[in-house]
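Chemist: Dropping in structure-v8.pdb, with PDB, C-alpha atoms.
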ATOM      1  CA  MET A  39      16.668 -16.563   8.082
ATOM      2  CA  SER A  40      14.764 -15.331   5.039
ATOM      3  CA  ILE A  41      13.407 -11.795   5.248
ATOM      4  CA  PRO A  42      10.717 -10.830   2.715
ATOM      5  CA  LYS A  43      12.052  -8.224   0.308
ATOM      6  CA  HIS A  44       8.618  -6.758  -0.327
ATOM      7  CA  VAL A  45       5.843  -6.553   2.258
ATOM      8  CA  ALA A  46       2.435  -5.172   1.294
ATOM      9  CA  ILE A  47      -0.063  -4.158   3.958
ATOM     10  CA  ILE A  48      -3.849  -3.873   3.770
ATOM     11  CA  PRO A  49      -4.455  -1.722   6.872
ATOM     12  CA  ASP A  50      -8.034  -2.605   7.739
ATOM     13  CA  GLY A  51      -9.987  -1.828  10.889
ATOM     14  CA  ASN A  52      -9.578   1.923  11.434
ATOM     15  CA  ARG A  53     -13.320   2.581  11.529
ATOM     16  CA  ARG A  54     -14.127  -0.435  13.705
ATOM     17  CA  TRP A  55     -11.319   0.550  16.088
ATOM     18  CA  ALA A  56     -12.891   3.983  16.467
ATOM     19  CA  ARG A  57     -16.428   2.666  16.935
ATOM     20  CA  SER A  58     -15.281   0.206  19.591
ATOM     21  CA  ARG A  59     -14.037   3.196  21.595
ATOM     22  CA  GLY A  60     -17.032   5.416  21.024
ATOM     23  CA  LEU A  61     -15.058   7.719  18.708
ATOM     24  CA  LYS A  62     -15.915   9.216  15.338
ATOM     25  CA  VAL A  63     -14.889   6.893  12.514
ATOM     26  CA  TRP A  64     -12.418   9.366  11.041
ATOM     27  CA  GLU A  65     -10.541   9.439  14.342
ATOM     28  CA  GLY A  66      -9.572   5.856  13.550
ATOM     29  CA  HIS A  67      -7.909   7.038  10.338
ATOM     30  CA  PHE A  68      -5.818   9.576  12.242
ATOM     31  CA  GLU A  69      -4.799   6.949  14.790
ATOM     32  CA  GLY A  70      -3.971   4.458  12.048
ATOM     33  CA  ALA A  71      -1.720   7.007  10.337
ATOM     34  CA  LYS A  72       0.475   7.013  13.444
ATOM     35  CA  ARG A  73       1.317   3.348  12.812
ATOM     36  CA  PHE A  74       2.754   3.958   9.347
ATOM     37  CA  GLU A  75       5.987   5.582  10.517
ATOM     38  CA  GLU A  76       6.500   2.951  13.213
ATOM     39  CA  ILE A  77       6.037   0.081  10.741
ATOM     40  CA  VAL A  78       8.182   1.720   8.049
ATOM     41  CA  ASN A  79      11.040   2.172  10.495
ATOM     42  CA  LYS A  80      10.730  -1.400  11.762
ATOM     43  CA  GLY A  81      10.418  -2.885   8.292
ATOM     44  CA  PHE A  82      13.487  -1.224   6.837
ATOM     45  CA  GLU A  83      15.416  -1.867  10.051
ATOM     46  CA  CYS A  84      14.837  -5.634   9.794
ATOM     47  CA  GLY A  85      15.848  -5.854   6.135
ATOM     48  CA  VAL A  86      12.667  -5.339   4.109
ATOM     49  CA  LYS A  87      13.502  -3.323   0.976
ATOM     50  CA  THR A  88      10.010  -2.381  -0.225
ATOM     51  CA  LEU A  89       6.883  -1.589   1.780
ATOM     52  CA  THR A  90       3.490  -1.066   0.164
ATOM     53  CA  PHE A  91       0.468   0.399   1.957
ATOM     54  CA  TRP A  92      -3.050   0.469   0.565
ATOM     55  CA  GLY A  93      -4.233   3.892   1.668
ATOM     56  CA  SER A  94      -7.641   4.007   0.003
ATOM     57  CA  SER A  95      -9.830   2.368  -2.598
ATOM     58  CA  MET A  96     -12.013   4.315  -5.012
ATOM     59  CA  ASP A  97     -15.017   3.429  -2.850
ATOM     60  CA  ASN A  98     -13.322   4.986   0.176
ATOM     61  CA  LEU A  99     -13.247   8.290  -1.680
ATOM     62  CA  THR A 100     -16.516   8.183  -3.588
ATOM     63  CA  LYS A 101     -19.002   6.326  -1.372
ATOM     64  CA  ARG A 102     -18.032   7.280   2.170
ATOM     65  CA  PRO A 103     -19.661  10.315   3.874
ATOM     66  CA  VAL A 104     -18.157  13.662   2.857
ATOM     67  CA  VAL A 105     -16.919  14.386   6.376
ATOM     68  CA  GLU A 106     -15.005  11.078   6.443
ATOM     69  CA  LYS A 107     -13.496  11.668   3.007
ATOM     70  CA  LYS A 108     -12.395  15.144   4.125
ATOM     71  CA  ALA A 109     -10.750  13.666   7.215
ATOM     72  CA  LEU A 110      -8.999  11.016   5.110
ATOM     73  CA  LEU A 111      -7.538  13.699   2.824
ATOM     74  CA  GLU A 112      -6.383  15.628   5.895
ATOM     75  CA  VAL A 113      -4.639  12.481   7.142
ATOM     76  CA  TYR A 114      -2.808  12.165   3.822
ATOM     77  CA  GLU A 115      -1.741  15.797   3.817
ATOM     78  CA  GLU A 116      -0.448  15.677   7.381
ATOM     79  CA  TYR A 117       1.338  12.347   6.917
ATOM     80  CA  PHE A 118       2.982  13.091   3.573
ATOM     81  CA  HIS A 119       4.070  16.550   4.662
ATOM     82  CA  HIS A 120       5.850  14.947   7.611
ATOM     83  CA  LEU A 121       7.246  12.116   5.459
ATOM     84  CA  ILE A 122       8.731  14.353   2.782
ATOM     85  CA  GLU A 123      10.415  16.547   5.384
ATOM     86  CA  ASP A 124      11.933  13.554   7.189
ATOM     87  CA  ASP A 125      15.725  13.580   6.706
ATOM     88  CA  ARG A 126      15.776   9.774   6.623
ATOM     89  CA  ILE A 127      13.993   9.788   3.272
ATOM     90  CA  PHE A 128      17.130  11.379   1.837
ATOM     91  CA  THR A 129      19.879   9.909   4.001
ATOM     92  CA  ASP A 130      18.521   6.374   3.532
ATOM     93  CA  LYS A 131      17.598   6.998  -0.132
ATOM     94  CA  ILE A 132      13.948   5.955   0.171
ATOM     95  CA  LYS A 133      11.904   6.284  -3.014
ATOM     96  CA  ILE A 134       8.256   7.351  -2.776
ATOM     97  CA  ASN A 135       5.919   5.820  -5.358
ATOM     98  CA  ILE A 136       2.159   6.449  -5.496
ATOM     99  CA  VAL A 137      -0.248   4.285  -7.498
ATOM    100  CA  GLY A 138      -3.913   4.895  -8.281
ATOM    101  CA  HIS A 139      -6.262   7.599  -9.518
ATOM    102  CA  TRP A 140      -5.249  10.087  -6.840
ATOM    103  CA  ARG A 141      -4.593  12.821  -9.388
ATOM    104  CA  LYS A 142      -8.279  12.690 -10.361
ATOM    105  CA  GLN A 143      -9.599  12.473  -6.804
ATOM    106  CA  PHE A 144      -7.367  14.714  -4.688
ATOM    107  CA  PRO A 145      -7.425  18.520  -4.302
ATOM    108  CA  ALA A 146      -4.664  20.566  -5.943
ATOM    109  CA  ARG A 147      -2.660  21.272  -2.778
ATOM    110  CA  LEU A 148      -2.469  17.599  -1.825
ATOM    111  CA  LYS A 149      -1.596  16.560  -5.386
ATOM    112  CA  LYS A 150       1.249  19.090  -5.408
ATOM    113  CA  LEU A 151       2.557  17.692  -2.118
ATOM    114  CA  LEU A 152       2.537  14.110  -3.412
ATOM    115  CA  GLU A 153       4.100  15.076  -6.727
ATOM    116  CA  ASP A 154       6.893  16.878  -4.877
ATOM    117  CA  GLY A 155       7.598  13.719  -2.875
ATOM    118  CA  ILE A 156       7.753  11.596  -6.016
ATOM    119  CA  GLU A 157       9.989  14.070  -7.837
ATOM    120  CA  LYS A 158      12.422  14.629  -4.954
ATOM    121  CA  THR A 159      12.963  10.890  -4.375
ATOM    122  CA  LYS A 160      12.799   9.522  -7.937
ATOM    123  CA  SER A 161      16.534   8.750  -8.034
ATOM    124  CA  HIS A 162      16.585   6.925  -4.663
ATOM    125  CA  ARG A 163      17.395   3.221  -4.894
ATOM    126  CA  ASN A 164      17.954   1.782  -1.399
ATOM    127  CA  TYR A 165      14.332   1.398  -0.308
ATOM    128  CA  THR A 166      10.874   1.955  -1.772
ATOM    129  CA  LEU A 167       7.628   3.114  -0.186
ATOM    130  CA  ASN A 168       4.584   2.429  -2.350
ATOM    131  CA  PHE A 169       1.236   3.986  -1.489
ATOM    132  CA  LEU A 170      -1.948   2.850  -3.224
ATOM    133  CA  LEU A 171      -4.355   5.798  -3.210
ATOM    134  CA  ALA A 172      -7.741   5.793  -4.969
ATOM    135  CA  TYR A 173      -6.739   2.301  -6.080
ATOM    136  CA  ASN A 174      -8.728  -0.828  -6.911
ATOM    137  CA  GLY A 175      -7.097  -4.061  -8.042
ATOM    138  CA  ASP A 176      -9.716  -4.887 -10.667
ATOM    139  CA  ASP A 177      -9.310  -1.423 -12.189
ATOM    140  CA  ASP A 178      -5.524  -1.977 -12.164
ATOM    141  CA  ILE A 179      -5.898  -5.038 -14.422
ATOM    142  CA  LEU A 180      -8.507  -3.376 -16.653
ATOM    143  CA  THR A 181      -6.203  -0.381 -17.122
ATOM    144  CA  GLY A 182      -3.453  -2.699 -18.322
ATOM    145  CA  VAL A 183      -5.788  -4.453 -20.783
ATOM    146  CA  ARG A 184      -7.034  -1.140 -22.192
ATOM    147  CA  ARG A 185      -3.484   0.146 -22.651
ATOM    148  CA  ILE A 186      -2.475  -2.993 -24.532
ATOM    149  CA  ILE A 187      -5.485  -2.597 -26.843
ATOM    150  CA  GLU A 188      -4.967   1.151 -27.339
ATOM    151  CA  ARG A 189      -1.287   0.700 -28.212
ATOM    152  CA  ASN A 190      -2.054  -1.948 -30.829
ATOM    153  CA  TYR A 191       0.380  -4.606 -29.630
ATOM    154  CA  ARG A 192       0.531  -7.713 -31.783
ATOM    155  CA  ALA A 193      -0.674 -10.908 -30.103
ATOM    156  CA  GLU A 194       2.815 -12.428 -30.109
ATOM    157  CA  GLU A 195       4.154  -9.371 -28.238
ATOM    158  CA  VAL A 196       1.821  -9.872 -25.289
ATOM    159  CA  ASP A 197       3.576 -11.764 -22.503
ATOM    160  CA  GLY A 198       3.777 -11.501 -18.726
ATOM    161  CA  GLN A 199       6.447  -8.824 -18.829
ATOM    162  CA  LEU A 200       4.387  -6.603 -21.119
ATOM    163  CA  ILE A 201       1.194  -7.082 -19.106
ATOM    164  CA  LYS A 202       2.928  -6.042 -15.887
ATOM    165  CA  LYS A 203       4.514  -3.033 -17.607
ATOM    166  CA  GLU A 204       1.136  -1.722 -18.729
ATOM    167  CA  LEU A 205      -0.611  -2.126 -15.378
ATOM    168  CA  LEU A 206      -1.512   0.917 -13.323
ATOM    169  CA  SER A 207       0.850  -0.671 -10.761
ATOM    170  CA  GLY A 208       3.520  -1.522 -13.331
ATOM    171  CA  ASP A 209       6.318  -0.050 -11.187
ATOM    172  CA  VAL A 210       5.409  -2.146  -8.139
ATOM    173  CA  GLU A 211       7.622  -5.203  -7.567
ATOM    174  CA  MET A 212       6.373  -8.727  -6.911
ATOM    175  CA  VAL A 213       5.168  -9.111  -3.313
ATOM    176  CA  ASP A 214       6.603 -11.710  -0.921
ATOM    177  CA  LEU A 215       4.250 -11.150   2.016
ATOM    178  CA  VAL A 216       0.796  -9.577   2.268
ATOM    179  CA  ILE A 217      -0.352  -8.559   5.742
ATOM    180  CA  ARG A 218      -4.045  -7.826   6.262
ATOM    181  CA  THR A 219      -5.159  -6.444   9.604
ATOM    182  CA  GLY A 220      -8.629  -6.381  11.146
ATOM    183  CA  VAL A 221      -9.888  -9.548   9.448
ATOM    184  CA  GLU A 222     -11.558 -11.027  12.555
ATOM    185  CA  ASN A 223     -13.334 -14.225  11.364
ATOM    186  CA  ASP A 224     -13.219 -13.448   7.645
ATOM    187  CA  PRO A 225      -9.697 -13.707   6.153
ATOM    188  CA  HIS A 226      -9.844 -12.587   2.531
ATOM    189  CA  ASN A 227      -8.277 -10.443  -0.151
ATOM    190  CA  SER A 228      -9.974  -7.195  -1.116
ATOM    191  CA  ALA A 229     -10.957  -5.720  -4.513
ATOM    192  CA  GLY A 230      -8.270  -7.758  -6.268
ATOM    193  CA  PHE A 231      -5.429  -6.134  -4.323
ATOM    194  CA  LEU A 232      -2.284  -6.132  -6.541
ATOM    195  CA  MET A 233      -3.500  -9.237  -8.380
ATOM    196  CA  TRP A 234      -0.451  -9.541 -10.608
ATOM    197  CA  GLN A 235       2.182  -8.882  -7.960
ATOM    198  CA  THR A 236       0.651 -11.221  -5.348
ATOM    199  CA  GLN A 237       0.337 -14.340  -7.513
ATOM    200  CA  ASN A 238       2.954 -16.144  -5.385
ATOM    201  CA  SER A 239       2.651 -14.161  -2.162
ATOM    202  CA  GLN A 240       2.321 -15.507   1.330
ATOM    203  CA  TYR A 241      -0.584 -14.075   3.372
ATOM    204  CA  TYR A 242      -0.676 -13.157   7.041
ATOM    205  CA  PHE A 243      -4.062 -12.358   8.571
ATOM    206  CA  THR A 244      -4.602 -10.840  11.988
ATOM    207  CA  ASP A 245      -7.750  -9.718  13.794
ATOM    208  CA  THR A 246      -5.804  -6.761  15.228
ATOM    209  CA  TYR A 247      -7.219  -3.474  13.959
ATOM    210  CA  PHE A 248      -4.606  -1.384  12.193
ATOM    211  CA  PRO A 249      -4.405   1.371  14.852
ATOM    212  CA  ASP A 250      -3.191  -1.369  17.249
ATOM    213  CA  PHE A 251      -0.871  -3.028  14.710
ATOM    214  CA  ASN A 252       2.489  -1.826  16.021
ATOM    215  CA  ALA A 253       6.137  -2.712  15.356
ATOM    216  CA  GLU A 254       5.965  -5.697  17.700
ATOM    217  CA  LYS A 255       3.015  -7.171  15.801
ATOM    218  CA  PHE A 256       4.795  -6.512  12.499
ATOM    219  CA  ASP A 257       7.698  -8.534  13.880
ATOM    220  CA  LEU A 258       5.328 -11.435  14.551
ATOM    221  CA  ALA A 259       4.199 -11.377  10.925
ATOM    222  CA  ILE A 260       7.798 -11.472   9.699
ATOM    223  CA  ALA A 261       8.629 -14.335  12.091
ATOM    224  CA  ASP A 262       5.630 -16.286  10.809
ATOM    225  CA  PHE A 263       6.800 -15.772   7.222
ATOM    226  CA  GLN A 264      10.247 -17.086   8.104
ATOM    227  CA  LYS A 265       8.770 -20.387   9.299
ATOM    228  CA  ARG A 266       7.074 -21.102   5.997
ATOM    229  CA  GLU A 267       8.297 -22.944   2.932
ATOM    230  CA  ARG A 268       7.665 -20.921  -0.212
ATOM    231  CA  ARG A 269       6.851 -23.204  -3.141
ATOM    232  CA  LEU A 270       6.319 -20.410  -5.690
ATOM    233  CA  GLY A 271       3.771 -22.482  -7.552
ATOM    234  CA  LYS A 272       5.904 -25.626  -7.671
TER     235      LYS A 272
END
Show me, as structure tokens, the structure contained in the file I just sent.
Modeler:
Amino acid sequence: MSIPKHVAIIPDGNRRWARSRGLKVWEGHFEGAKRFEEIVNKGFECGVKTLTFWGSSMDNLTKRPVVEKKALLEVYEEYFHHLIEDDRIFTDKIKINIVGHWRKQFPARLKKLLEDGIEKTKSHRNYTLNFLLAYNGDDDILTGVRRIIERNYRAEEVDGQLIKKELLSGDVEMVDLVIRTGVENDPHNSAGFLMWQTQNSQYYFTDTYFPDFNAEKFDLAIADFQKRERRLGK
């Protein structure tokens, strides 16, 4: 049966998960981070070639309380340090790709850690892990438009291939399946998430908060995808 080549995940519900248990909201971020490794292992094991996780929007880093932002940055540092030292990144040839304005928003030590991960895995071709950090979908499109204007392309040069190339997310492949957790009674996209790459995507919504979204629940999303008929706009 068909396995999606590229699965993108909007991991929502960390804060609500924490509140429902009487915990501090940032404790939900730490718990959610534990799910990443489990889902990555399960995804690649079942045949997915590219996994994309939306780690944070610009609002997450600019409008949330300082103590929560600090905790979020600590989550990133702990997770990426562990990820980059994982032998499987190198034995399985997993490429790390990071999209967004993280270089403007993150402290020097964390930026160095992420840049090391990108550099050390840039030649890997078997699998790809995309992380969207300090990323908004509307800004992604606007960045592409500004680049096209700044580089003085002629009108006849502007086609779909060029637009995608100039996006902030230009290196991210087209998405087969988008999974959004923690939607409860309001299934929706968010801040124009990967607008270009999701134009023909299937969506899977679950009310499960991300800290409870484990490998078994990921399997359910893949099984649901396999039952569908993809028309790809036809």
Chemist: Find the residues around A:Asp124 up to 12 Å (only C-alpha atoms counted), leave out those fewer than 5 positions away in its own chain, and share them as JSON, numbers by chain.
Modeler: {"A": [75, 79, 117, 118, 119, 129, 130, 131, 132, 155, 159]}
Chemist: Once you have the residues from the selection above, write them out as a PDB file, in the coordinates of the input, restricted to C-alpha atoms.
Modeler:
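Generated output (selection-v6.pdb):
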ATOM      1  CA  GLU A  75       5.987   5.582  10.517  1.00  0.00           C
ATOM      2  CA  ASN A  79      11.040   2.172  10.495  1.00  0.00           C
ATOM      3  CA  TYR A 117       1.338  12.347   6.917  1.00  0.00           C
ATOM      4  CA  PHE A 118       2.982  13.091   3.573  1.00  0.00           C
ATOM      5  CA  HIS A 119       4.070  16.550   4.662  1.00  0.00           C
ATOM      6  CA  THR A 129      19.879   9.909   4.001  1.00  0.00           C
ATOM      7  CA  ASP A 130      18.521   6.374   3.532  1.00  0.00           C
ATOM      8  CA  LYS A 131      17.598   6.998  -0.132  1.00  0.00           C
ATOM      9  CA  ILE A 132      13.948   5.955   0.171  1.00  0.00           C
ATOM     10  CA  GLY A 155       7.598  13.719  -2.875  1.00  0.00           C
ATOM     11  CA  THR A 159      12.963  10.890  -4.375  1.00  0.00           C
TER      12      THR A 159
END
Chemist: Got a sec to resolve the PyMOL selection byres ((chain A and resi 135-137) around 7) on this structure and send the residues as a list in words?
Modeler: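 With the shown file as input, the PyMOL selection byres ((chain A and resi 135-137) around 7) matches Lys133, Ile134, Gly138, Ile156, Leu167, Asn168, Phe169, Leu170, Leu171, Tyr173, Leu206 and Ser207 of chain A.
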Chemist: Suppose you want the space between atom CA of A:Thr236 and atom CA of A:Glu195; what is it in Å?
Modeler: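 We find that atom CA of A:Thr236 and atom CA of A:Glu195 lie 23.2 Å from each other.
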Chemist: Residue by residue, what does the PyMOL selection byres ((chain A and resi 265) around 12) grab here? Present the result as a list of chain:residue names.
Modeler: A:Met39, A:Ser40, A:Ile41, A:Pro42, A:Gln240, A:Leu258, A:Ala259, A:Ile260, A:Ala261, A:Asp262, A:Phe263, A:Gln264, A:Arg266, A:Glu267, A:Arg268
Chemist: Starting from the shown file, work through the PyMOL selection byres ((chain A and resi 177-185) around 10) and note down what comes out as a VMD selection string.
Modeler: chain A and resid 96 137 to 139 173 to 176 186 to 191 200 to 208 229 to 234
Chemist: So that I can check the surroundings of stretch 250-252 of chain A, please list as a list of chain:residue names every protein, DNA and RNA residue that reaches within 7 Å of it, counting all atoms listed in the file and ignoring chain neighbours fewer than 2 positions away.
Modeler: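 Here the qualifying residues turn out to be A:Arg73, A:Glu76, A:Ile77, A:Thr246, A:Tyr247, A:Phe248, A:Glu254, A:Lys255, A:Phe256.
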Chemist: Distance atom CA of A:Trp64-atom CA of A:Val213, one decimal place?
Modeler: 29.3 Å
Chemist: One number please: atom CA of A:Asn223 to atom CA of A:Ser58, in Å, one decimal.
Modeler: 16.7 Å
Chemist: Listed atoms of stretch 142-152 of chain A, axis-aligned box, 5 Å per side: centre and edge lengths to one decimal in Å, as lines of an AutoDock Vina configuration file?
Modeler:
center_x = -3.5
center_y = 16.9
center_z = -6.1
size_x = 22.2
size_y = 18.8
size_z = 18.5
Chemist: For stretch 184-203 of chain A, where the input has fewer atoms than it should, I would like N, CA and C atoms rebuilt and written as a PDB file, in the frame of the given file.
Modeler:
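Saved as part-v2.pdb:
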ATOM      1  N   ARG A 184      -6.686  -2.251 -21.289  1.00  0.00           N
ATOM      2  CA  ARG A 184      -7.034  -1.140 -22.192  1.00  0.00           C
ATOM      3  C   ARG A 184      -5.794  -0.540 -22.849  1.00  0.00           C
ATOM      4  N   ARG A 185      -4.717  -0.411 -22.079  1.00  0.00           N
ATOM      5  CA  ARG A 185      -3.484   0.146 -22.651  1.00  0.00           C
ATOM      6  C   ARG A 185      -2.929  -0.751 -23.742  1.00  0.00           C
ATOM      7  N   ILE A 186      -2.969  -2.051 -23.526  1.00  0.00           N
ATOM      8  CA  ILE A 186      -2.475  -2.993 -24.532  1.00  0.00           C
ATOM      9  C   ILE A 186      -3.294  -2.874 -25.818  1.00  0.00           C
ATOM     10  N   ILE A 187      -4.612  -2.740 -25.672  1.00  0.00           N
ATOM     11  CA  ILE A 187      -5.485  -2.597 -26.843  1.00  0.00           C
ATOM     12  C   ILE A 187      -5.226  -1.266 -27.548  1.00  0.00           C
ATOM     13  N   GLU A 188      -5.152  -0.183 -26.765  1.00  0.00           N
ATOM     14  CA  GLU A 188      -4.967   1.151 -27.339  1.00  0.00           C
ATOM     15  C   GLU A 188      -3.636   1.292 -28.063  1.00  0.00           C
ATOM     16  N   ARG A 189      -2.623   0.574 -27.613  1.00  0.00           N
ATOM     17  CA  ARG A 189      -1.287   0.700 -28.212  1.00  0.00           C
ATOM     18  C   ARG A 189      -1.034  -0.317 -29.311  1.00  0.00           C
ATOM     19  N   ASN A 190      -2.089  -1.066 -29.651  1.00  0.00           N
ATOM     20  CA  ASN A 190      -2.054  -1.948 -30.829  1.00  0.00           C
ATOM     21  C   ASN A 190      -0.888  -2.938 -30.822  1.00  0.00           C
ATOM     22  N   TYR A 191      -0.639  -3.556 -29.675  1.00  0.00           N
ATOM     23  CA  TYR A 191       0.380  -4.606 -29.630  1.00  0.00           C
ATOM     24  C   TYR A 191      -0.099  -5.805 -30.444  1.00  0.00           C
ATOM     25  N   ARG A 192       0.850  -6.459 -31.099  1.00  0.00           N
ATOM     26  CA  ARG A 192       0.531  -7.713 -31.783  1.00  0.00           C
ATOM     27  C   ARG A 192       0.391  -8.820 -30.755  1.00  0.00           C
ATOM     28  N   ALA A 193      -0.402  -9.829 -31.058  1.00  0.00           N
ATOM     29  CA  ALA A 193      -0.674 -10.908 -30.103  1.00  0.00           C
ATOM     30  C   ALA A 193       0.612 -11.553 -29.603  1.00  0.00           C
ATOM     31  N   GLU A 194       1.570 -11.756 -30.497  1.00  0.00           N
ATOM     32  CA  GLU A 194       2.815 -12.428 -30.109  1.00  0.00           C
ATOM     33  C   GLU A 194       3.694 -11.556 -29.218  1.00  0.00           C
ATOM     34  N   GLU A 195       3.386 -10.266 -29.115  1.00  0.00           N
ATOM     35  CA  GLU A 195       4.154  -9.371 -28.238  1.00  0.00           C
ATOM     36  C   GLU A 195       3.654  -9.412 -26.793  1.00  0.00           C
ATOM     37  N   VAL A 196       2.450  -9.919 -26.612  1.00  0.00           N
ATOM     38  CA  VAL A 196       1.821  -9.872 -25.289  1.00  0.00           C
ATOM     39  C   VAL A 196       2.290 -11.040 -24.445  1.00  0.00           C
ATOM     40  N   ASP A 197       3.114 -10.763 -23.450  1.00  0.00           N
ATOM     41  CA  ASP A 197       3.576 -11.764 -22.503  1.00  0.00           C
ATOM     42  C   ASP A 197       3.462 -11.187 -21.096  1.00  0.00           C
ATOM     43  N   GLY A 198       3.900 -11.948 -20.108  1.00  0.00           N
ATOM     44  CA  GLY A 198       3.777 -11.501 -18.726  1.00  0.00           C
ATOM     45  C   GLY A 198       4.503 -10.196 -18.454  1.00  0.00           C
ATOM     46  N   GLN A 199       5.663 -10.034 -19.049  1.00  0.00           N
ATOM     47  CA  GLN A 199       6.447  -8.824 -18.829  1.00  0.00           C
ATOM     48  C   GLN A 199       5.716  -7.591 -19.369  1.00  0.00           C
ATOM     49  N   LEU A 200       5.119  -7.724 -20.536  1.00  0.00           N
ATOM     50  CA  LEU A 200       4.387  -6.603 -21.119  1.00  0.00           C
ATOM     51  C   LEU A 200       3.135  -6.278 -20.304  1.00  0.00           C
ATOM     52  N   ILE A 201       2.402  -7.316 -19.899  1.00  0.00           N
ATOM     53  CA  ILE A 201       1.194  -7.082 -19.106  1.00  0.00           C
ATOM     54  C   ILE A 201       1.525  -6.301 -17.837  1.00  0.00           C
ATOM     55  N   LYS A 202       2.556  -6.750 -17.120  1.00  0.00           N
ATOM     56  CA  LYS A 202       2.928  -6.042 -15.887  1.00  0.00           C
ATOM     57  C   LYS A 202       3.323  -4.593 -16.181  1.00  0.00           C
ATOM     58  N   LYS A 203       4.061  -4.380 -17.248  1.00  0.00           N
ATOM     59  CA  LYS A 203       4.514  -3.033 -17.607  1.00  0.00           C
ATOM     60  C   LYS A 203       3.344  -2.081 -17.823  1.00  0.00           C
TER      61      LYS A 203
END
